[in-house]
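Written out below as structure tokens is the structure these notes cover.
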Amino acid sequence: MNYHFNDIEAKWQKYWAENQTFKASNTSDKPKYYVLDMFPYPSGAGLHVGHPLGYIASDIYARYKRHKGFNVLHPQGYDSFGLPAEQYAIQTGQHPAITTDTNIKTYRRQLDQIGFSFDWSREVRTSSPEYYKWTQWIFIQLFESWYNKDNNQAESVDTLILKFSSEGNAHINADCDADITIFSSEEWSALSSEQQQDILLKYRLTYLAETEVNWCPALGTVLANDEIVNGVSERGGHSVMRKKMTQWSMRISAYAERLLQGLETIDWTDSLKESQRNWIGKSVGASVVFNVNNHDEVIEVFTTRPDTIFGVSFMTLAPEHDLVSKITTADQNAHVEAYIQATAKRSERDRMADVKTISGAFTGAYAEHPFTKEPLPIWIGDYVLAGYGTGAVMSVPCGDQRDYDFANHFNIAIPNIFEGIDISEEAYGSKDNVKIANSDFLNGLNYKKASKTAIYELEKLGQGEGKTNYRLRDAVFSRQRYWGEPFPVYYVKGKPQMIDKVHLPIRLPDVEKYLPTETGEPPLGRADVWAWCTKNNKVVSNDLCHSEQSEESHNGVYPLELNTMPGWAGSSWYFFRYMEDAMRDETFASEDALNYWENVDLYIGGSEHATGHLLYSRFWVKFMKDRGFVNVEEPFKKLINQGMILGTSAFVYEAIHGEKSLHVYLSSDLIEGPNFIDSTHPKWGEIVNVCKIEGSKLNLRLIHTDVSFVITSDELDMEAFKNWRPEYKTAKFITHEDKTFKVKREVEKMSKSKYNVVKPDQIVKDYGADSLRLYEMFLGPLEQAKPWNTAGITGVHSFLKKLWKLYVDDNGLKVNDAEPTKDALKTLHKTIKKVEEDIENFSFNTSVSTFMIASNELTALKCTSKAILEPFLILLSPYAPHIAEELWSRLGNEQSISIASFPKFEEKYLVESSKNYPISFNGKMRFTLELPMDMSKDDIEKTVMAHEKTIAQLDGRPPKKVIIVPGKIVNIVG
RNA sequence: GCUGAAGUGGUGGAAUUGGUAGACACGUUGGACUUAAAAUCCAAUGUCCCCUGGGACGUACGGGUUCAAGUCCCGUCUUCAGUACCA
């Protein structure tokens with residue numbers, strides 16, 4: 001009986017589905033374990049072989065944990081809001097919900113055929129109203145909260161209002177907007193409701209504010225910082241400009257320090273933690289206030305080098321700084337104005353591409369040095385970023401290269417305040433080995449002491465204080481898109497109002513087109529039924545709504561928010577949703593479920609989410625913890641990034657004349673080095689003949705061909721290539737001697753445009769899911785990037801066939817109750833040990849080799865003993881579950897192998913009586929010698945020294961030293 | 001520039017605390033079976049040198065520590081990923 005993998009796999013996939021084998025229970029005596037894959041976005045292109053890599057790894061771990069007696073939660077779902085479905089909707093008019101649904105079906109089919117042990121009963125989709133009801137609910141909670149820095153956590157705004165009405169806001173230590181004015185309790189009470197709402201908005205964890213956003217005109221939406229790569233949009237590569245817009249923002253900056261500290265408590269890779277640390281960008285220094293001569297205004301700056309305060313020779317403001325227009329003198333006005341115009345025109349990308357050019361303008365105004373009272377010229381320059389710190393710097397040219405270059409360019413003085421350091425060529429930016437000089441009371445001090453002293457003196461003057469700054473900005477939370485969560489928000493007299501949670505979800509309205517409106521409003525501006533009736537608590541027709549956002553209404557009908565939430569909203573809390581399986585309508589996740597499952601024990605996914613999803617999720621979890629909705633501080637305890645699977649592209653050499661193709665193709669083994677051949681080529685006669693060219697040189701170019709036309713060993717299926725496209729119909733091939741045509745191979749990113757995409761579907765059909773699973777793991781370490789080459793799959797496939805033969809032959813089952821041999825027991829137990837260690841270390845590639853070795857050994861031993869072959873199946877079952885189930889049931893087991901307990905490793909079977917010692921001379925192994933394990937050091941030495949090969953090696957020389965490590969090695973020095 | 005990861009045969013990759021480098025596969029070559037192909041099985045396969053047997057070299061490069069280094073230390077180079085005027 002042969003190994004009919006397609007039948008076996010279909011049979012067990014059906015069995016698992018029908019028996020709900022992998023359904024997790026929220027009540028169990030077993031310890032819990034939660035294994036999660038990063039949320040997939042169901043794209044129209046479906047899965048390629050790179051996608052399931054992480055899913056296979058997590059599935060192996062989940063199955064292993066079940067064997068180890070854990071109650072495992074291993075769910076899957078879809079991050080189903082997103083741009084591609086909406087772009088498709090814009091082009092075709094197809095509702096994104098329909099596209100998304102189709103794509104999900106494809107995904108599900110593709111996932112199912114690989115045999116994952118997902119608990120599909122807990123599936124979530126971010127775009128389904130029963131899910132986004134709770135995303136809206138969390139948004140409301142954020143709106144209803146403020147961050148109290150006194151006890152370092154978020155609280156309900158009720159506590160804030162209470163304080164306002166009893167004591168005003170003077171003593172409130174909140175993370176809030178910068179432009180807060182101080183008021184007393186009486187003043188608070190005297191304010192109108194609208195005024196109070198305005199003030200509260202400055203404290204809320206999600207707030208509406210006019211912010212400078214990254215506007216992407218091509219996509220018609222704003223983008224978060226992490227959605228921009230190299231100055232262009234991550235999706236589509238469109239240009240991005242700065243624009244002021246009123247947007248919802250998330251006060252993630254309030255959590256900067258906790259997000260930083262929390263990294264110490266979680267088991268993530270160093271590179272990922274480092275990315276988050278950089279993104280949070282904590283820097284410790286001082287805030288310094290400079291008075292502006294002849295003005296009431298002051299310039300506040302942040303510096304990490306308060307010790308260099310006496311090295312300041314000018315001030316630089318960002319061109320966008322508010323003060324610029326106020327302080328610029330009349331004679332400099334035209335100059336400054338022209339400079340601001342010029343910098344505003346430059347896109348973010350130009351600015352980044354061109355960091356070498358120094359530009360700036362003098363405002364004509366002077367600031368006053370807090371200690372020396374010297375006048376400091378105030379410049380503007382685009383090397384100062386409006387978005388970081390206060391948008392202004394105190395320029396210390398001797399200590400900062402950018403300031404140095406700027407000073408040099410504009411002939412500004414560069415005072416040296418470092419003792420014994422030459423700054424004639426460049427600034428001295430290091431904090432180490434400095435002694436401050438020419439700095440009054442700081443002279444002779446090092447960085448640390450000088451900084452401390454400077455801050456102390458500044459505080460005495462009331463012109464500064466120690467300060468910690470974070471690069472992390474508040475996250476913009478509005479998107480001008482259709483396919484996202486609608487906000488549960490309507491506007492009364494321009495003030496945002498939350499819809500009561502009992503009326504959630506607020507469903508996405510229908511629109512007839514998915515584009516922004518003619519007046520530039522987001523797509524929801526096209527909806528006809530998109531107003532909120534506060535009397536009936538219903539979304540009603542816009543016809544009933546007579547007010548603009550800024551007006552009072554007479555019938556209680558108000559306009560709803562037109563923006564939608566960003567992609568990261570739904571993915572910032574989905575891991576809690578999986579915990580709840582029964583009361584999903586009543587709660588986002590019940591207390592019992594949250595208490596039982598806590599957080600994700602193992603999270604596997606790509607590293608591209610380092611500063612987006614993985615940071616936002618941590619933020620929301622900390623917030624939800626503060627407000628008592630969940631009881632964990634971090635969402636993901638351990639996180640592993642799987643490496644990318646690269647494609648192995650195939651190229652053919654095409655003969656060309658100028659840019660024109662001659663439709664003649666040359667086998668790659670005929671080409672060496674450069675992209676041309678000449679009359680010295682052995683096949684030149686044939687080539688000239690076929691190409692019908694004159695001259696003594698033929699130019700070639702490499703063109704991609706589809707990898708599916710390449711049969712084993714880089715051989716091109718020439719007929720398939722000819723039929724690929726009309727222009728190849730007449731292709732002529734110059735082949736190798738044996739009439740085969742070889743392609744050139746190169747490893748590149750797997751992508752449609754490179755024709756190197758391999759889909760799991762065909763692999764599963766040809767070799768089976770078990771082969772695919774094993775091969776994906778066999779390719780190499782999980783975290784590493786590695787190229788895919790379908791040819792190699794025959795290795796693991798023939799392993800499975802050999803394994804099958806170990807259990808089954810033409811007469812049926814071979815396995816019997818024979819007493820296991822010592823050698824077979826040894827093979828089994830060393831395999832148990834190795835596989836267990838490998839899985840615990842996420843070293844799945846080496847396990848596959850171990851299975852192959854074990855199978856080869858057991859075949860050589862002609863092992864038929866059930867006592868060996870049955871536990872061996874359990875070891876294999878996380879990796880190749882279908883074949884394991886099939887053989888397991890043929891052995892007479894009635895229950896699924898997935899709940900069988902993992903075999904116990906016993907050291908005693910591995911104990912050896914002898915050791916094959918390597919005998920080295922000066923560290924080089926010359927021969928091996930089988931010696932008893934219990935032989936003493938002296939006896940080993942005697943035996944080895946007496947050996948004829950030793951005598952031959954030494955050739956009469958007396959050994960200087962003999963090193964013997966019992967059980968390991970013998971090394972003779974001589 | 002900075003941060004992180006890595007560099008081992010023709011290829012993917014093994015090698016536990018320093019202790020037989022190249023496990024396991026792919027590919028290649030030769031052989032068996034077959035009318036043939038596929039499938040399967042067997043053998044060889046780091047490079048170089050001479051006939052067996054062995055010898056020399058060999059884990060990016062240059063040094064060092066050690067009886068012994070892919071592994072530890074110092075320096076250099078290269079590749080990949082992330083990040084970038086952050087004051």
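Residue numbers start at 1 in each chain; chains themselves are named A, B, ... in the order of the structure tokens; ligands are numbered from 1 in the order shown.
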Please identify all residues of chain B having at least one atom at most 10 Å from any atom of chain A, considering only C-alpha atoms (C1' of nucleotides), and return them as an MDAnalysis selection string.
chainID B and resid 3:6 11:14 19:20 23:28 67:68 80:87
As a PyMOL selection string, which residues of stretch 416-627 of chain A does DSSP assign to alpha helix (DSSP H)?
chain A and resi 447-461+567-571+574-577+591-597+613-626
Mind giving me the straight-line distance from atom CA of A:Phe619 to atom CA of A:Pro635 in Å, one decimal?
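These atoms are spaced 9.5 Å apart.
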Quick one: residues within 12 Å of A:Val688, only C-alpha atoms (C1' of nucleotides) counted, chain neighbours fewer than 2 positions away excluded, as a PyMOL selection string?
chain A and resi 655+662+664+677-679+681-686+690-698+734
Pull N, CA and C atoms from the residues just selected and write them as a PDB file, in the first residue's frame.
```
ATOM      1  N   ALA A 655      18.664  37.462 -26.871  1.00  0.00           N
ATOM      2  CA  ALA A 655      19.550  38.171 -27.798  1.00  0.00           C
ATOM      3  C   ALA A 655      18.851  39.444 -28.249  1.00  0.00           C
ATOM      4  N   LEU A 662      15.557  39.892 -30.555  1.00  0.00           N
ATOM      5  CA  LEU A 662      15.690  39.076 -31.756  1.00  0.00           C
ATOM      6  C   LEU A 662      14.873  37.785 -31.631  1.00  0.00           C
ATOM      7  N   VAL A 664      15.498  35.323 -29.894  1.00  0.00           N
ATOM      8  CA  VAL A 664      16.380  34.159 -29.776  1.00  0.00           C
ATOM      9  C   VAL A 664      16.876  34.119 -28.334  1.00  0.00           C
ATOM     10  N   ILE A 677      28.183  37.984 -26.195  1.00  0.00           N
ATOM     11  CA  ILE A 677      29.109  36.949 -26.649  1.00  0.00           C
ATOM     12  C   ILE A 677      29.698  37.411 -27.980  1.00  0.00           C
ATOM     13  N   ASP A 678      30.859  36.903 -28.325  1.00  0.00           N
ATOM     14  CA  ASP A 678      31.481  37.311 -29.580  1.00  0.00           C
ATOM     15  C   ASP A 678      31.946  36.082 -30.365  1.00  0.00           C
ATOM     16  N   SER A 679      32.671  36.326 -31.425  1.00  0.00           N
ATOM     17  CA  SER A 679      33.002  35.259 -32.359  1.00  0.00           C
ATOM     18  C   SER A 679      33.901  34.184 -31.766  1.00  0.00           C
ATOM     19  N   HIS A 681      33.065  32.513 -29.250  1.00  0.00           N
ATOM     20  CA  HIS A 681      32.187  31.534 -28.609  1.00  0.00           C
ATOM     21  C   HIS A 681      32.106  30.252 -29.447  1.00  0.00           C
ATOM     22  N   PRO A 682      32.211  29.085 -28.805  1.00  0.00           N
ATOM     23  CA  PRO A 682      32.203  27.823 -29.560  1.00  0.00           C
ATOM     24  C   PRO A 682      30.956  27.627 -30.420  1.00  0.00           C
ATOM     25  N   LYS A 683      29.859  28.225 -30.031  1.00  0.00           N
ATOM     26  CA  LYS A 683      28.622  28.031 -30.794  1.00  0.00           C
ATOM     27  C   LYS A 683      28.345  29.200 -31.738  1.00  0.00           C
ATOM     28  N   TRP A 684      29.351  30.025 -31.953  1.00  0.00           N
ATOM     29  CA  TRP A 684      29.144  31.263 -32.705  1.00  0.00           C
ATOM     30  C   TRP A 684      28.484  31.010 -34.070  1.00  0.00           C
ATOM     31  N   GLY A 685      28.946  29.968 -34.747  1.00  0.00           N
ATOM     32  CA  GLY A 685      28.397  29.660 -36.077  1.00  0.00           C
ATOM     33  C   GLY A 685      26.890  29.470 -36.016  1.00  0.00           C
ATOM     34  N   GLU A 686      26.436  28.632 -35.080  1.00  0.00           N
ATOM     35  CA  GLU A 686      25.009  28.355 -34.918  1.00  0.00           C
ATOM     36  C   GLU A 686      24.248  29.627 -34.534  1.00  0.00           C
ATOM     37  N   VAL A 690      21.154  31.389 -36.539  1.00  0.00           N
ATOM     38  CA  VAL A 690      19.801  31.518 -35.978  1.00  0.00           C
ATOM     39  C   VAL A 690      19.394  32.985 -35.860  1.00  0.00           C
ATOM     40  N   CYS A 691      20.325  33.806 -35.409  1.00  0.00           N
ATOM     41  CA  CYS A 691      19.986  35.210 -35.161  1.00  0.00           C
ATOM     42  C   CYS A 691      20.007  36.052 -36.442  1.00  0.00           C
ATOM     43  N   LYS A 692      20.643  35.560 -37.448  1.00  0.00           N
ATOM     44  CA  LYS A 692      20.780  36.307 -38.702  1.00  0.00           C
ATOM     45  C   LYS A 692      21.373  37.689 -38.447  1.00  0.00           C
ATOM     46  N   ILE A 693      22.525  37.685 -37.806  1.00  0.00           N
ATOM     47  CA  ILE A 693      23.163  38.967 -37.515  1.00  0.00           C
ATOM     48  C   ILE A 693      24.481  39.079 -38.258  1.00  0.00           C
ATOM     49  N   GLU A 694      24.937  40.326 -38.348  1.00  0.00           N
ATOM     50  CA  GLU A 694      26.259  40.565 -38.899  1.00  0.00           C
ATOM     51  C   GLU A 694      27.131  41.104 -37.785  1.00  0.00           C
ATOM     52  N   GLY A 695      28.440  41.141 -38.038  1.00  0.00           N
ATOM     53  CA  GLY A 695      29.351  41.623 -37.009  1.00  0.00           C
ATOM     54  C   GLY A 695      29.880  40.475 -36.171  1.00  0.00           C
ATOM     55  N   SER A 696      30.624  40.847 -35.137  1.00  0.00           N
ATOM     56  CA  SER A 696      31.306  39.805 -34.373  1.00  0.00           C
ATOM     57  C   SER A 696      30.902  39.821 -32.902  1.00  0.00           C
ATOM     58  N   LYS A 697      29.787  40.480 -32.615  1.00  0.00           N
ATOM     59  CA  LYS A 697      29.388  40.592 -31.217  1.00  0.00           C
ATOM     60  C   LYS A 697      27.853  40.541 -31.137  1.00  0.00           C
ATOM     61  N   LEU A 698      27.360  39.849 -30.118  1.00  0.00           N
ATOM     62  CA  LEU A 698      25.914  39.765 -29.918  1.00  0.00           C
ATOM     63  C   LEU A 698      25.603  40.192 -28.493  1.00  0.00           C
ATOM     64  N   ILE A 734      18.779  28.471 -28.290  1.00  0.00           N
ATOM     65  CA  ILE A 734      20.106  27.891 -28.493  1.00  0.00           C
ATOM     66  C   ILE A 734      20.406  27.099 -27.236  1.00  0.00           C
TER      67      ILE A 734
END
```
Shell of 8 Å around A:Ser43, only C-alpha atoms (C1' of nucleotides), local chain residues under 4 positions omitted, as a count of residues only
4
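Among the residues of stretch 256-292 of chain A, backbone DSSP assigns strand (DSSP E or B) to Asp267, Lys282, Ser283, Val284, Gly285, Ala286, Ser287, Val288, Val289, Phe290, Asn291 and Val292 of chain A.
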Find the spatial neighbours of A:Glu210, counting only C-alpha atoms (C1' of nucleotides), within a cut-off of 10 Å - ignore same-chain residues fewer than 4 positions away - and output them as a PDB file with C-alpha atoms, in the first residue's frame.
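Final output, part.pdb:
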```pdb
ATOM      1  CA  LYS A 243      -0.932  69.568   6.010  1.00  0.00           C
ATOM      2  CA  LYS A 244      -2.871  70.998   8.924  1.00  0.00           C
ATOM      3  CA  MET A 245      -6.117  69.161   9.613  1.00  0.00           C
ATOM      4  CA  THR A 246      -8.464  68.571  12.506  1.00  0.00           C
ATOM      5  CA  GLN A 247      -7.994  64.960  13.463  1.00  0.00           C
ATOM      6  CA  TRP A 248      -8.566  62.494  16.256  1.00  0.00           C
ATOM      7  CA  SER A 249      -5.310  61.731  18.027  1.00  0.00           C
TER       8      SER A 249
END
```
